[in-house]
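See structure below.
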Amino acid sequence: MRTQVGIVGAGPAGLMLSHLLHRHGIDSVVLECRSREYVEHRVRAGVLEQGSVDLLCRTGLGERLQREGMRHEGIELRFDGESHRVPLTELTGRAITVYGQQEVVKDLITARLDAGGQILFDVDDVRLDGLDTDSPVIRFRRDGREEELHCDFVAGCDGFHGVSRGSVPDGVLTTYERTYPFAWLGILAAAPPAVDELIYARTERGFALYSLRSPEISRLYLQVAPDEDIADWPDERIWAELRARLETVPGWSLNEGPILEKGITPMRSFVVEPMQWERLYLAGDAVHIVPPTGAKGMNLALADVALLGDAFAAWYGEGRTNLLANYSRTALRRVWRAQHFSWWMTSMLHRLDGEDAYEAKLQSSTLRYVATSRAYATSLAENYVGLPEV
Ligand code: APR
Ligand code: PHB
């Protein structure tokens with residue numbers, strides 16, 4: 001098989017890149033180790049920045065998003081028994097849209113397949129070769145047969161556990177990372193959300209987040225220990241803990257319902273630089289991870305491939321190499337802004353184990369500063385809705 005850009009991974013990054021390349025008349029093939037069913041139902045993030053919504057709408061993917069996505073013009077911070085609204089739109093002129101990542105993935109898969117695009121699901125043992133030549137080869141197995149995909153470039157969009165990053169020789173990439181002494185337990189519940197806007201709550205028992213997916217489905221998270229076993233969290237314990245952390249303001253209660261899905265996600269900050277080596281271009285979770293507190297993961301993945309789409313278009317269309325050459329440097333500016341914001345939100349809102357009293361006072365003071373200073377709230381808001389230029 002032969003294509004122009006071989007893409008590893010059918011998450012938001014790989015699928016969106018394939019879609020953007022198609023719009024520029026550039027051919028690509030996406031290789032995915034999981035099934036279509038699996039990637040379309042994997043429950044992940046759910047907040048789209050204004051810039052991500054604009055990108056999806058501008059490229060013909062806005063139909064269902066505009067119908068089912070929920071535009072939010074603020075978020076709530078709950079701490080010390082009080083509620084404070086951060087009016088995102090009043091402060092920045094922009095908003096966020098709540099729309100599940102798997103819905104974005106479904107829309108992208110449909111668009112690619114309708115346009116005759118090739119996504120090969122259920123492939124095994126993907127290996128990258130010849131990345132430092134003009135004709136890289138992706139080898140893989142499909143239905144037990146060995147196959148080869150010859151291409152001009154490889155896009156590594158295969159997430160944190162993928163193979164692409166590891167195909168770069170030792171000594172080329174530098175890793176920057178931070179781990180956190182906690183994880184998130186997330187649930188999807190068949191319960192009408194008791195909120196119109198997301199609630200980020202800091203309490204002495206730990207952090208909690210109230211989010212949603214539709215008028216019937218709530219999405220909630222609890223800070224738990226990093227080695228927590230989900231088996232120790234029967235549904236009743238989850239609801240009791242959510243009540244304890246969220247029902248902290250008078251007269252407010254959450255809505256309960258059957259838990260449809262639950263899981264524990266580790267928290268990490270991670271960047272490797274540069275995001276490119278020879279003919280391999282890396283994007284999304286394959287090169288950077290943020291803790292979910294800033295709701296940035298999917299947005300960063302989409303922003304990376306928006307740059308990459310333009311860079312390949314300049315190369316194929318006009319033989320220009322400058323955008324490809326600058327890809328890593330340009331993308332990393334946004335990546336590091338999101339790294340800082342996600343780390344900052346995480347540090348401000350979580351209970352640290354063996355927390356010293358001094359640190360806890362700083363967290364309260366920071367939250368109160370956001371709640372009382374228009375300048376500081378604007379800083380949070382412009383990062384949260386996404387900075388157009390970084
Ligand atoms: N071969 C082929 N496909 C692979 C391989 C491999 N060796 N390893 C991983 N994959 C696939 C995964 O199954 C997944 O479908 O690559 C895809 C990567 O997709 P994501 O993990 O969704 O990563 P990305 O597209 O960068 O999107 C980032 O996902 O984890 C969230 O919070 C994160 O919202 C952010 C988004
Ligand atoms: C979600 O709805 O899944 C969600 C929302 C906000 C976050 C993280 C996750 O910060």
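Letters for chains follow the order of the structure tokens (A, B, ...), residue numbers begin at 1 for each chain, and ligand numbers begin at 1 in the order shown.
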Would you list, as a PDB file with all heavy atoms, in the first residue's frame, the residues of region 158-251 of chain A that end up in alpha helix (DSSP H) under DSSP run on this structure's backbone?
```pdb
ATOM      1  N   ASP A 235     -21.256   1.738  44.119  1.00  0.00           N
ATOM      2  CA  ASP A 235     -21.971   2.957  43.725  1.00  0.00           C
ATOM      3  C   ASP A 235     -22.366   3.826  44.921  1.00  0.00           C
ATOM      4  O   ASP A 235     -22.230   5.047  44.883  1.00  0.00           O
ATOM      5  CB  ASP A 235     -23.228   2.600  42.907  1.00  0.00           C
ATOM      6  CG  ASP A 235     -22.840   1.951  41.580  1.00  0.00           C
ATOM      7  OD1 ASP A 235     -21.628   1.749  41.349  1.00  0.00           O
ATOM      8  OD2 ASP A 235     -23.752   1.646  40.790  1.00  0.00           O
ATOM      9  N   GLU A 236     -22.847   3.200  45.977  1.00  0.00           N
ATOM     10  CA  GLU A 236     -23.326   3.991  47.115  1.00  0.00           C
ATOM     11  C   GLU A 236     -22.188   4.809  47.746  1.00  0.00           C
ATOM     12  O   GLU A 236     -22.385   5.954  48.154  1.00  0.00           O
ATOM     13  CB  GLU A 236     -24.013   3.089  48.153  1.00  0.00           C
ATOM     14  CG  GLU A 236     -24.734   3.858  49.254  1.00  0.00           C
ATOM     15  CD  GLU A 236     -25.414   5.179  48.781  1.00  0.00           C
ATOM     16  OE1 GLU A 236     -26.204   5.181  47.817  1.00  0.00           O
ATOM     17  OE2 GLU A 236     -25.109   6.223  49.411  1.00  0.00           O
ATOM     18  N   ARG A 237     -20.981   4.223  47.772  1.00  0.00           N
ATOM     19  CA  ARG A 237     -19.854   4.969  48.348  1.00  0.00           C
ATOM     20  C   ARG A 237     -19.513   6.179  47.461  1.00  0.00           C
ATOM     21  O   ARG A 237     -19.201   7.266  47.956  1.00  0.00           O
ATOM     22  CB  ARG A 237     -18.628   4.054  48.473  1.00  0.00           C
ATOM     23  CG  ARG A 237     -17.455   4.784  49.084  1.00  0.00           C
ATOM     24  CD  ARG A 237     -16.231   3.916  49.317  1.00  0.00           C
ATOM     25  NE  ARG A 237     -15.134   4.739  49.814  1.00  0.00           N
ATOM     26  CZ  ARG A 237     -13.860   4.430  49.695  1.00  0.00           C
ATOM     27  NH1 ARG A 237     -13.488   3.277  49.129  1.00  0.00           N
ATOM     28  NH2 ARG A 237     -12.921   5.244  50.150  1.00  0.00           N
ATOM     29  N   ILE A 238     -19.595   5.985  46.143  1.00  0.00           N
ATOM     30  CA  ILE A 238     -19.298   7.090  45.214  1.00  0.00           C
ATOM     31  C   ILE A 238     -20.285   8.242  45.430  1.00  0.00           C
ATOM     32  O   ILE A 238     -19.897   9.397  45.585  1.00  0.00           O
ATOM     33  CB  ILE A 238     -19.352   6.598  43.748  1.00  0.00           C
ATOM     34  CG1 ILE A 238     -18.234   5.581  43.499  1.00  0.00           C
ATOM     35  CG2 ILE A 238     -19.248   7.780  42.768  1.00  0.00           C
ATOM     36  CD1 ILE A 238     -18.242   4.964  42.104  1.00  0.00           C
ATOM     37  N   TRP A 239     -21.583   7.898  45.494  1.00  0.00           N
ATOM     38  CA  TRP A 239     -22.588   8.969  45.674  1.00  0.00           C
ATOM     39  C   TRP A 239     -22.423   9.670  47.020  1.00  0.00           C
ATOM     40  O   TRP A 239     -22.563  10.891  47.107  1.00  0.00           O
ATOM     41  CB  TRP A 239     -24.005   8.411  45.520  1.00  0.00           C
ATOM     42  CG  TRP A 239     -24.366   8.086  44.105  1.00  0.00           C
ATOM     43  CD1 TRP A 239     -24.659   6.853  43.593  1.00  0.00           C
ATOM     44  CD2 TRP A 239     -24.459   9.002  42.999  1.00  0.00           C
ATOM     45  NE1 TRP A 239     -24.928   6.949  42.243  1.00  0.00           N
ATOM     46  CE2 TRP A 239     -24.813   8.253  41.851  1.00  0.00           C
ATOM     47  CE3 TRP A 239     -24.268  10.377  42.864  1.00  0.00           C
ATOM     48  CZ2 TRP A 239     -24.993   8.832  40.592  1.00  0.00           C
ATOM     49  CZ3 TRP A 239     -24.453  10.957  41.614  1.00  0.00           C
ATOM     50  CH2 TRP A 239     -24.808  10.191  40.492  1.00  0.00           C
ATOM     51  N   ALA A 240     -22.115   8.890  48.052  1.00  0.00           N
ATOM     52  CA  ALA A 240     -21.963   9.499  49.390  1.00  0.00           C
ATOM     53  C   ALA A 240     -20.794  10.494  49.370  1.00  0.00           C
ATOM     54  O   ALA A 240     -20.894  11.604  49.909  1.00  0.00           O
ATOM     55  CB  ALA A 240     -21.719   8.410  50.436  1.00  0.00           C
ATOM     56  N   GLU A 241     -19.710  10.103  48.706  1.00  0.00           N
ATOM     57  CA  GLU A 241     -18.539  10.984  48.661  1.00  0.00           C
ATOM     58  C   GLU A 241     -18.820  12.211  47.794  1.00  0.00           C
ATOM     59  O   GLU A 241     -18.414  13.331  48.135  1.00  0.00           O
ATOM     60  CB  GLU A 241     -17.321  10.193  48.135  1.00  0.00           C
ATOM     61  CG  GLU A 241     -15.976  10.845  48.380  1.00  0.00           C
ATOM     62  CD  GLU A 241     -15.662  11.129  49.851  1.00  0.00           C
ATOM     63  OE1 GLU A 241     -16.012  10.308  50.718  1.00  0.00           O
ATOM     64  OE2 GLU A 241     -15.064  12.203  50.118  1.00  0.00           O
ATOM     65  N   LEU A 242     -19.520  12.008  46.693  1.00  0.00           N
ATOM     66  CA  LEU A 242     -19.879  13.161  45.840  1.00  0.00           C
ATOM     67  C   LEU A 242     -20.765  14.138  46.610  1.00  0.00           C
ATOM     68  O   LEU A 242     -20.587  15.355  46.529  1.00  0.00           O
ATOM     69  CB  LEU A 242     -20.587  12.686  44.564  1.00  0.00           C
ATOM     70  CG  LEU A 242     -19.673  12.077  43.489  1.00  0.00           C
ATOM     71  CD1 LEU A 242     -20.495  11.341  42.434  1.00  0.00           C
ATOM     72  CD2 LEU A 242     -18.796  13.151  42.822  1.00  0.00           C
ATOM     73  N   ARG A 243     -21.705  13.584  47.381  1.00  0.00           N
ATOM     74  CA  ARG A 243     -22.575  14.472  48.172  1.00  0.00           C
ATOM     75  C   ARG A 243     -21.753  15.263  49.183  1.00  0.00           C
ATOM     76  O   ARG A 243     -21.901  16.472  49.331  1.00  0.00           O
ATOM     77  CB  ARG A 243     -23.655  13.655  48.903  1.00  0.00           C
ATOM     78  CG  ARG A 243     -24.788  13.190  47.999  1.00  0.00           C
ATOM     79  CD  ARG A 243     -25.992  12.710  48.833  1.00  0.00           C
ATOM     80  NE  ARG A 243     -25.664  11.604  49.735  1.00  0.00           N
ATOM     81  CZ  ARG A 243     -25.768  10.309  49.419  1.00  0.00           C
ATOM     82  NH1 ARG A 243     -26.233   9.953  48.216  1.00  0.00           N
ATOM     83  NH2 ARG A 243     -25.438   9.379  50.274  1.00  0.00           N
ATOM     84  N   ALA A 244     -20.835  14.550  49.844  1.00  0.00           N
ATOM     85  CA  ALA A 244     -20.036  15.210  50.883  1.00  0.00           C
ATOM     86  C   ALA A 244     -19.176  16.337  50.304  1.00  0.00           C
ATOM     87  O   ALA A 244     -18.950  17.355  50.953  1.00  0.00           O
ATOM     88  CB  ALA A 244     -19.155  14.180  51.592  1.00  0.00           C
ATOM     89  N   ARG A 245     -18.715  16.155  49.073  1.00  0.00           N
ATOM     90  CA  ARG A 245     -17.817  17.175  48.510  1.00  0.00           C
ATOM     91  C   ARG A 245     -18.544  18.256  47.717  1.00  0.00           C
ATOM     92  O   ARG A 245     -17.995  19.352  47.522  1.00  0.00           O
ATOM     93  CB  ARG A 245     -16.781  16.502  47.584  1.00  0.00           C
ATOM     94  CG  ARG A 245     -15.868  15.541  48.334  1.00  0.00           C
ATOM     95  CD  ARG A 245     -14.748  15.048  47.445  1.00  0.00           C
ATOM     96  NE  ARG A 245     -14.111  13.856  48.016  1.00  0.00           N
ATOM     97  CZ  ARG A 245     -13.084  13.241  47.459  1.00  0.00           C
ATOM     98  NH1 ARG A 245     -12.570  13.697  46.329  1.00  0.00           N
ATOM     99  NH2 ARG A 245     -12.564  12.163  48.030  1.00  0.00           N
ATOM    100  N   LEU A 246     -19.733  17.939  47.223  1.00  0.00           N
ATOM    101  CA  LEU A 246     -20.420  18.931  46.374  1.00  0.00           C
ATOM    102  C   LEU A 246     -21.573  19.630  47.073  1.00  0.00           C
ATOM    103  O   LEU A 246     -21.885  20.780  46.763  1.00  0.00           O
ATOM    104  CB  LEU A 246     -20.907  18.263  45.081  1.00  0.00           C
ATOM    105  CG  LEU A 246     -19.794  17.958  44.071  1.00  0.00           C
ATOM    106  CD1 LEU A 246     -20.241  16.897  43.058  1.00  0.00           C
ATOM    107  CD2 LEU A 246     -19.333  19.221  43.342  1.00  0.00           C
TER     108      LEU A 246
END
```
Legend entry - Spatial neighbours of Asp107 (chain A), 12 Å, only C-alpha atoms, chain gap at least 3 places, as JSON, numbers by chain: {"A": [11, 12, 15, 16, 19, 39, 40, 56, 57, 59, 60, 61, 62, 63, 64, 65, 99, 100, 101, 102, 103, 104, 110, 111, 112, 113, 114]}
Inset, instruction - Throw together the list of residues within 10 Å of ligand 2, counting only C-alpha atoms and all ligand atoms, and drop it here as a PyMOL selection string. - result: chain A and resi 43-48+75+98-101+184+186-188+198-200+209-213+218-221+291-297+342+345-346+384
Residues within 6 Å of ligand 1, counting only C-alpha atoms and all ligand atoms: report them as a PDB file with N, CA, C and O atoms, in the first residue's frame.
```pdb
ATOM      1  N   VAL A   8      -0.709   7.051  12.414  1.00  0.00           N
ATOM      2  CA  VAL A   8      -0.895   5.995  13.414  1.00  0.00           C
ATOM      3  C   VAL A   8      -1.803   6.532  14.515  1.00  0.00           C
ATOM      4  O   VAL A   8      -1.463   7.515  15.174  1.00  0.00           O
ATOM      5  N   GLY A   9      -2.974   5.882  14.703  1.00  0.00           N
ATOM      6  CA  GLY A   9      -3.880   6.268  15.783  1.00  0.00           C
ATOM      7  C   GLY A   9      -5.134   6.966  15.285  1.00  0.00           C
ATOM      8  O   GLY A   9      -5.054   7.972  14.578  1.00  0.00           O
ATOM      9  N   ALA A  10      -6.297   6.437  15.658  1.00  0.00           N
ATOM     10  CA  ALA A  10      -7.583   7.038  15.278  1.00  0.00           C
ATOM     11  C   ALA A  10      -8.265   7.658  16.489  1.00  0.00           C
ATOM     12  O   ALA A  10      -9.416   7.368  16.805  1.00  0.00           O
ATOM     13  N   GLY A  11      -7.537   8.526  17.194  1.00  0.00           N
ATOM     14  CA  GLY A  11      -8.149   9.383  18.220  1.00  0.00           C
ATOM     15  C   GLY A  11      -8.463  10.711  17.547  1.00  0.00           C
ATOM     16  O   GLY A  11      -8.381  10.830  16.316  1.00  0.00           O
ATOM     17  N   PRO A  12      -8.803  11.723  18.354  1.00  0.00           N
ATOM     18  CA  PRO A  12      -9.092  13.037  17.754  1.00  0.00           C
ATOM     19  C   PRO A  12      -7.934  13.560  16.890  1.00  0.00           C
ATOM     20  O   PRO A  12      -8.177  14.127  15.826  1.00  0.00           O
ATOM     21  N   ALA A  13      -6.694  13.351  17.316  1.00  0.00           N
ATOM     22  CA  ALA A  13      -5.556  13.894  16.561  1.00  0.00           C
ATOM     23  C   ALA A  13      -5.441  13.233  15.186  1.00  0.00           C
ATOM     24  O   ALA A  13      -5.430  13.915  14.154  1.00  0.00           O
ATOM     25  N   GLY A  14      -5.367  11.910  15.153  1.00  0.00           N
ATOM     26  CA  GLY A  14      -5.149  11.205  13.889  1.00  0.00           C
ATOM     27  C   GLY A  14      -6.306  11.381  12.919  1.00  0.00           C
ATOM     28  O   GLY A  14      -6.115  11.629  11.720  1.00  0.00           O
ATOM     29  N   LEU A  31      -4.055   4.071  10.706  1.00  0.00           N
ATOM     30  CA  LEU A  31      -3.929   2.715  11.261  1.00  0.00           C
ATOM     31  C   LEU A  31      -4.282   2.754  12.745  1.00  0.00           C
ATOM     32  O   LEU A  31      -3.704   3.530  13.501  1.00  0.00           O
ATOM     33  N   GLU A  32      -5.211   1.924  13.164  1.00  0.00           N
ATOM     34  CA  GLU A  32      -5.700   1.951  14.555  1.00  0.00           C
ATOM     35  C   GLU A  32      -5.696   0.529  15.112  1.00  0.00           C
ATOM     36  O   GLU A  32      -6.224  -0.384  14.478  1.00  0.00           O
ATOM     37  N   CYS A  33      -5.121   0.362  16.315  1.00  0.00           N
ATOM     38  CA  CYS A  33      -5.015  -0.998  16.857  1.00  0.00           C
ATOM     39  C   CYS A  33      -6.327  -1.498  17.479  1.00  0.00           C
ATOM     40  O   CYS A  33      -6.532  -2.689  17.626  1.00  0.00           O
ATOM     41  N   ARG A  34      -7.233  -0.575  17.800  1.00  0.00           N
ATOM     42  CA  ARG A  34      -8.509  -0.988  18.393  1.00  0.00           C
ATOM     43  C   ARG A  34      -9.599  -1.093  17.330  1.00  0.00           C
ATOM     44  O   ARG A  34      -9.403  -0.683  16.194  1.00  0.00           O
ATOM     45  N   VAL A  39     -13.224   2.559  19.820  1.00  0.00           N
ATOM     46  CA  VAL A  39     -12.830   3.979  19.856  1.00  0.00           C
ATOM     47  C   VAL A  39     -14.052   4.904  19.889  1.00  0.00           C
ATOM     48  O   VAL A  39     -13.979   6.006  20.424  1.00  0.00           O
ATOM     49  N   ALA A  45     -12.647  12.957  27.654  1.00  0.00           N
ATOM     50  CA  ALA A  45     -12.926  14.350  28.000  1.00  0.00           C
ATOM     51  C   ALA A  45     -14.197  14.861  27.320  1.00  0.00           C
ATOM     52  O   ALA A  45     -14.803  14.171  26.506  1.00  0.00           O
ATOM     53  N   VAL A 126       2.209  -2.503  14.992  1.00  0.00           N
ATOM     54  CA  VAL A 126       2.643  -1.408  14.108  1.00  0.00           C
ATOM     55  C   VAL A 126       4.116  -1.078  14.386  1.00  0.00           C
ATOM     56  O   VAL A 126       4.513  -0.920  15.539  1.00  0.00           O
ATOM     57  N   CYS A 157       0.120   9.745  15.977  1.00  0.00           N
ATOM     58  CA  CYS A 157      -1.025  10.285  16.739  1.00  0.00           C
ATOM     59  C   CYS A 157      -1.577   9.166  17.619  1.00  0.00           C
ATOM     60  O   CYS A 157      -2.789   9.032  17.771  1.00  0.00           O
ATOM     61  N   ASP A 158      -0.677   8.336  18.161  1.00  0.00           N
ATOM     62  CA  ASP A 158      -1.121   7.107  18.811  1.00  0.00           C
ATOM     63  C   ASP A 158      -1.132   7.183  20.332  1.00  0.00           C
ATOM     64  O   ASP A 158      -1.039   6.160  21.009  1.00  0.00           O
ATOM     65  N   GLY A 159      -1.292   8.390  20.867  1.00  0.00           N
ATOM     66  CA  GLY A 159      -1.531   8.519  22.299  1.00  0.00           C
ATOM     67  C   GLY A 159      -0.301   8.212  23.144  1.00  0.00           C
ATOM     68  O   GLY A 159       0.779   7.890  22.647  1.00  0.00           O
ATOM     69  N   HIS A 161       0.483   5.738  25.090  1.00  0.00           N
ATOM     70  CA  HIS A 161       1.023   4.378  25.099  1.00  0.00           C
ATOM     71  C   HIS A 161       1.351   3.864  23.699  1.00  0.00           C
ATOM     72  O   HIS A 161       1.596   2.672  23.518  1.00  0.00           O
ATOM     73  N   GLY A 162       1.372   4.751  22.709  1.00  0.00           N
ATOM     74  CA  GLY A 162       1.626   4.323  21.329  1.00  0.00           C
ATOM     75  C   GLY A 162       3.080   3.977  21.060  1.00  0.00           C
ATOM     76  O   GLY A 162       3.936   4.042  21.949  1.00  0.00           O
ATOM     77  N   VAL A 163       3.345   3.629  19.797  1.00  0.00           N
ATOM     78  CA  VAL A 163       4.705   3.193  19.419  1.00  0.00           C
ATOM     79  C   VAL A 163       5.527   4.311  18.782  1.00  0.00           C
ATOM     80  O   VAL A 163       6.749   4.196  18.684  1.00  0.00           O
ATOM     81  N   GLY A 284      -0.687  15.380  19.691  1.00  0.00           N
ATOM     82  CA  GLY A 284      -1.634  14.939  20.718  1.00  0.00           C
ATOM     83  C   GLY A 284      -0.957  14.244  21.894  1.00  0.00           C
ATOM     84  O   GLY A 284       0.193  14.526  22.239  1.00  0.00           O
ATOM     85  N   ASP A 285      -1.704  13.316  22.495  1.00  0.00           N
ATOM     86  CA  ASP A 285      -1.223  12.619  23.697  1.00  0.00           C
ATOM     87  C   ASP A 285       0.070  11.843  23.463  1.00  0.00           C
ATOM     88  O   ASP A 285       0.739  11.465  24.423  1.00  0.00           O
ATOM     89  N   ALA A 286       0.444  11.582  22.231  1.00  0.00           N
ATOM     90  CA  ALA A 286       1.712  10.893  21.953  1.00  0.00           C
ATOM     91  C   ALA A 286       2.904  11.723  22.426  1.00  0.00           C
ATOM     92  O   ALA A 286       3.972  11.176  22.699  1.00  0.00           O
ATOM     93  N   GLY A 297      -6.793  18.500  27.135  1.00  0.00           N
ATOM     94  CA  GLY A 297      -6.208  17.398  26.349  1.00  0.00           C
ATOM     95  C   GLY A 297      -6.687  17.329  24.907  1.00  0.00           C
ATOM     96  O   GLY A 297      -5.892  17.356  23.966  1.00  0.00           O
ATOM     97  N   MET A 298      -7.990  17.242  24.705  1.00  0.00           N
ATOM     98  CA  MET A 298      -8.533  17.106  23.348  1.00  0.00           C
ATOM     99  C   MET A 298      -8.266  18.378  22.537  1.00  0.00           C
ATOM    100  O   MET A 298      -7.979  18.309  21.333  1.00  0.00           O
ATOM    101  N   ALA A 301      -4.754  18.378  21.216  1.00  0.00           N
ATOM    102  CA  ALA A 301      -4.614  17.407  20.118  1.00  0.00           C
ATOM    103  C   ALA A 301      -5.120  18.039  18.812  1.00  0.00           C
ATOM    104  O   ALA A 301      -4.476  17.941  17.763  1.00  0.00           O
TER     105      ALA A 301
END
```
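Taking CA of Pro258 (chain A) and CA of Ala189 (chain A) as endpoints, the distance between them is 5.6 Å.
Residue neighbourhood of Arg334 (chain A), excluding near-sequence residues (fewer than 3 positions): Leu300, Ala303, Asp304, Arg329, Thr330, Ala331, Arg337, Ala338, Gln339, Gly386, Leu387, Pro388, Glu389 and Val390 of chain A, at 10 Å, using only C-alpha atoms.
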Inset, instruction - Would you mind writing down, as number ranges by chain, each residue of region 139-354 of chain A that DSSP on the backbone assigns to strand (DSSP E)? - result: A: 139-142, 145-150, 153-156, 174-189, 199-203, 206-212, 218-224, 259-273, 276-277, 280-282, 288-289
Legend entry - Using only C-alpha atoms: which of A:Val335, A:Met348, A:Ala314, A:Ile264 has the shortest distance to Ile289 (chain A): A:Val335
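CA of Ala155 (chain A) to CA of Val5 (chain A) spans 6.9 Å [interatomic distance, one decimal].
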Inset, instruction - Find the spatial neighbours of region 85-89 of chain A, counting only C-alpha atoms, within a cut-off of 12 Å - ignore same-chain residues fewer than 4 positions away - and output them as a ChimeraX atom specification. - result: /A:49-50,71-79,93-97,196-201,367-386
Inset, instruction - Compile the contact shell of Thr174 (chain A) as an NGL selection string: residues with an atom at most 9 Å away, counting only C-alpha atoms, same-chain residues fewer than 4 positions apart removed. - result: :A and (271-274)
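Nearest residue to Ala306 (chain A) among A:Asp152, A:Glu177, A:Asp27, A:Asp54 is A:Asp54, counting only C-alpha atoms.
Taking only C-alpha atoms into account, His288 (chain A) lies nearest to A:Phe160 out of the set A:Leu260, A:Val224, A:Phe160, A:Glu318.
Across the structure, CA of Ser83 (chain A) and CA of Glu228 (chain A) are spaced 29.0 Å apart.
With only C-alpha atoms as the atoms that count, the residue of A:Val154, A:Leu349, A:Val105, A:Leu185 with the shortest distance to Leu308 (chain A) is A:Val154.
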